[in-house]
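J.: Below is one structure. I have some questions about it.
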Amino acid sequence: MLRDRAFLRLWTGTTASGLATWALPFILGLAVLDRSLTAVGLGVLLAARTVGFLIAVPLGGVLADRHSRRGVVLVSGLLAAAATPVIAWGLGDSLVLTATAAALVGAGQGACRPAFQALTAEVVDPDQRQQANAAMTLAVRVSTLLGPGLTALLATVLDLSALLWGTALLWLVAALLPPRGAAGTPTERTHLVREFADGLREARRHPWFLAGLGALTAVIATGYSATGVALPLISRDRYGSELVLASALTGYTAGALAGALIIARWRPRSQGWAALAGLALYGLAPLSLIADVHPAVVIAAYVVTGVGIELFNVPWFTATQREVDPRLLARVSSVDFLFSYGLAPVGLALIAPAIEAFGVTAVLAGCALVCFAAPALAALAPTARRFAR
């Protein structure tokens with residue numbers, strides 16, 4: 001796939017947007033360490049970015065179906081590129097200014113996600129999309145694996161302002177580099193809300209999509225929250241250091257890399273069931289944290305979890321690009337991102353009070369049960385076996 005010039009440009013642009021998205025919270029964390037930003041300020045900026053993302057995802061989906069997908073990528077990338085230096089200028093001086101800029105960066109991130117998904121379907125031939133989506137996720141996972149070390153290394157020679165300008169340049173690459181896609185059929189323009197509702201109706205036409213999205217949302221809200229809140233606590237209190245936390249997260253990323261390599265070539269006959277089985281493997285993450293086991297067991301569980309999440313992600317994106325009406329693809333993709341990743345902060349916000357009320361063991365057991373049960377129930381939906389009508 002990387003020999004194809006158009007896809008290489010799309011892949012590079014998508015990778016740049018992923019790097020910029022990942023880098024901002026890490027750089028802001030460094031700002032807390034050098035006292036340019038308080039912990040409260042960090043929470044405000046990350047919340048503002050999330051709000052901008054949630055507002056822009058459905059809007060970006062509608063605009064990407066109404067106009068050129070390439071055009072939406074361009075505008076959203078330029079918006080994020082322009083807003084990022086404002087964070088650098090306002091850091092430590094004006095929380096209102098930096099929060100507004102963070103919201104605009106989040107809006108750029110949110111608007112480009114469904115547009116990139118739809119643009120992939122325009123640039124890549126149908127029989128190559130699974131390899132293309134695997135290549136996309138490989139780039140994201142390599143960035144996640146190598147990014148913290150590289151950013152920390154750059155922070156020894158560059159100040160925070162320079163690092164933020166670097167993410168602005170990444171957004172500029174994401175805006176300018178992707179190629180034009182195939183010219184689509186113009187959609188009938190009505191009200192933005194009505195056009196987004198058309199995307200919801202298209203999503204409801206595919207029982208496998210509704211079932212899979214429900215399972216994915218449940219798994220992210222519980223399993224992801226257990227990783228974000230319970231794993232750091234258990235690593236500190238049970239194992240006495242942050243080593244288990246760092247090793248488990250590294251193992252998860254390494255497993256995801258392996259999963260992307262596997263699914264780039266593997267074509268299971270019952271693709272939907274295989275993908276949902278991979279998603280259910282996320283239940284091993286909270287399950288491994290319940291008992292006082294050897295750290296290697298926890299790390300191994302996270303490696304398997306990483307493999308499973310990509311065995312789900314790549315067929316999921318590929319099936320969406322194949323089955324959904326091309327005129328509505330960006331809107332349906334925005335529904336996907338809005339419900340799955342958009343609701344993740346809700347799970348993160350609720351899990352700590354739940355641990356206080358019911359205890360860590362009960363909460364982790366509940367998270368594991370949801371992670372196993374939700375994909376199993378989704379597999380019973382009509383058309384779920386092959387993610388196809």
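Labeling convention for the structure tokens: chains A, B, ... as they appear, residues from 1 per chain, ligands from 1 in order of appearance.
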Neighbours of Leu10 of chain A within 8 Å (only C-alpha atoms; same-chain residues fewer than 6 positions away dropped), as a PDB file with C-alpha atoms, in the first residue's frame?
T.:
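This went into selection-v3.pdb:
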```
ATOM      1  CA  THR A 120      -9.708   6.621   2.745  1.00  0.00           C
ATOM      2  CA  LEU A 177      -0.490  16.664   2.338  1.00  0.00           C
ATOM      3  CA  PRO A 178      -3.505  14.324   1.806  1.00  0.00           C
ATOM      4  CA  PRO A 179      -4.583  13.882  -1.835  1.00  0.00           C
TER       5      PRO A 179
END
```
J.: Output as a ChimeraX atom specification all residues of segment 65-280 of chain A that backbone DSSP marks as alpha helix (DSSP H).
T.: /A:65-66,69-90,95-123,129-155,160-176,192-204,207-219,225,231-237,243-265,271-280
J.: Tell me which of A:Pro268, A:Val219, A:Ala280, A:Ala197 sits closest to Val304 of chain A, counting only C-alpha atoms.
T.: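 So, comparing all the options, the nearest one is A:Ala280.
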J.: Between atom CA of Cys112 of chain A and atom CA of Leu158 of chain A, what distance in Å does the model show, to one decimal?
T.: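 Separation between atom CA of Cys112 of chain A and atom CA of Leu158 of chain A: 28.5 Å.
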J.: Which one is closest to Thr38 of chain A: A:Leu91, A:Val157, A:Ala256, A:Leu287? Count only C-alpha atoms.
T.: A:Leu91
J.: Name the residues in contact with Trp22 of chain A at a cut-off of 12 Å, using only C-alpha atoms, excluding same-chain residues fewer than 4 positions from it; report them as a PDB file with C-alpha atoms, in the first residue's frame.
T.:
```pdb
ATOM      1  CA  THR A  15      -0.126   9.895  10.934  1.00  0.00           C
ATOM      2  CA  ALA A  16       0.779  13.557  11.417  1.00  0.00           C
ATOM      3  CA  SER A  17      -2.691  14.303  12.808  1.00  0.00           C
ATOM      4  CA  GLY A  18      -2.408  11.323  15.154  1.00  0.00           C
ATOM      5  CA  PHE A  26       1.838  14.990  26.936  1.00  0.00           C
ATOM      6  CA  ILE A  27       3.350  18.447  26.377  1.00  0.00           C
ATOM      7  CA  LEU A  28       0.785  20.018  28.689  1.00  0.00           C
ATOM      8  CA  GLY A  29       1.790  17.436  31.291  1.00  0.00           C
ATOM      9  CA  LEU A  46      -8.008  18.846  28.401  1.00  0.00           C
ATOM     10  CA  VAL A 105      -7.590  22.309  18.486  1.00  0.00           C
ATOM     11  CA  GLY A 106     -10.099  19.717  19.676  1.00  0.00           C
ATOM     12  CA  GLN A 109      -9.202  17.023  15.605  1.00  0.00           C
ATOM     13  CA  VAL A 140      -0.685   5.310  15.276  1.00  0.00           C
ATOM     14  CA  ARG A 141       0.687   2.521  17.460  1.00  0.00           C
ATOM     15  CA  VAL A 142       4.325   3.170  16.494  1.00  0.00           C
ATOM     16  CA  SER A 143       3.793   6.833  17.348  1.00  0.00           C
ATOM     17  CA  THR A 144       2.327   5.887  20.719  1.00  0.00           C
ATOM     18  CA  LEU A 145       5.208   3.498  21.424  1.00  0.00           C
ATOM     19  CA  LEU A 146       8.055   5.831  20.454  1.00  0.00           C
ATOM     20  CA  GLY A 147       6.440   9.214  21.052  1.00  0.00           C
ATOM     21  CA  PRO A 148       6.915   9.609  24.835  1.00  0.00           C
ATOM     22  CA  THR A 151       9.180  14.024  23.188  1.00  0.00           C
ATOM     23  CA  LEU A 164       3.856  23.207  20.758  1.00  0.00           C
ATOM     24  CA  THR A 167       2.642  20.023  16.881  1.00  0.00           C
ATOM     25  CA  LEU A 170       2.290  18.397  12.280  1.00  0.00           C
ATOM     26  CA  TRP A 171      -1.238  19.751  11.878  1.00  0.00           C
TER      27      TRP A 171
END
```
J.: Residues of segment 135-184 of chain A that approach segment 311-321 of chain A to 12 Å or less, counting only C-alpha atoms: could you list each one with the shortest pair of atoms and its distance in Å to one decimal, rows by chain and increasing residue number, as a tab-separated table?
T.:
```
residue	atom	partner	partner_atom	distance
A:Ala135	CA	A:Val314	CA	9.4
A:Met136	CA	A:Val314	CA	9.1
A:Thr137	CA	A:Val314	CA	7.8
A:Leu138	CA	A:Val314	CA	10.3
```
J.: Identify, on the basis of only C-alpha atoms, every residue whose closest approach to segment 79-87 of chain A does not exceed 6 Å; exclude the query and any residue fewer than 2 positions from it along the same chain; express the result as a PyMOL selection string.
T.: chain A and resi 76-77+89-91+98+101+105+108+165+168+171-172
J.: With only C-alpha atoms as the basis for distance, which of A:Gly366, A:Pro295, A:Pro382, A:Pro286 is at the shortest distance from Leu210 of chain A?
T.: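 Nearest candidate to Leu210 of chain A out of A:Gly366, A:Pro295, A:Pro382, A:Pro286: A:Pro382.
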J.: Work out how far atom CA of Gly149 of chain A is from atom CA of Leu37 of chain A, in Å to one decimal.
T.: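 For atom CA of Leu37 of chain A relative to atom CA of Gly149 of chain A, the distance reads 21.4 Å.
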J.: Given the choices A:Gly166, A:Gly223, A:Gly52, A:Gly259, which gets closest to Gly306 of chain A if the distance is worked out from only C-alpha atoms?
T.: A:Gly259
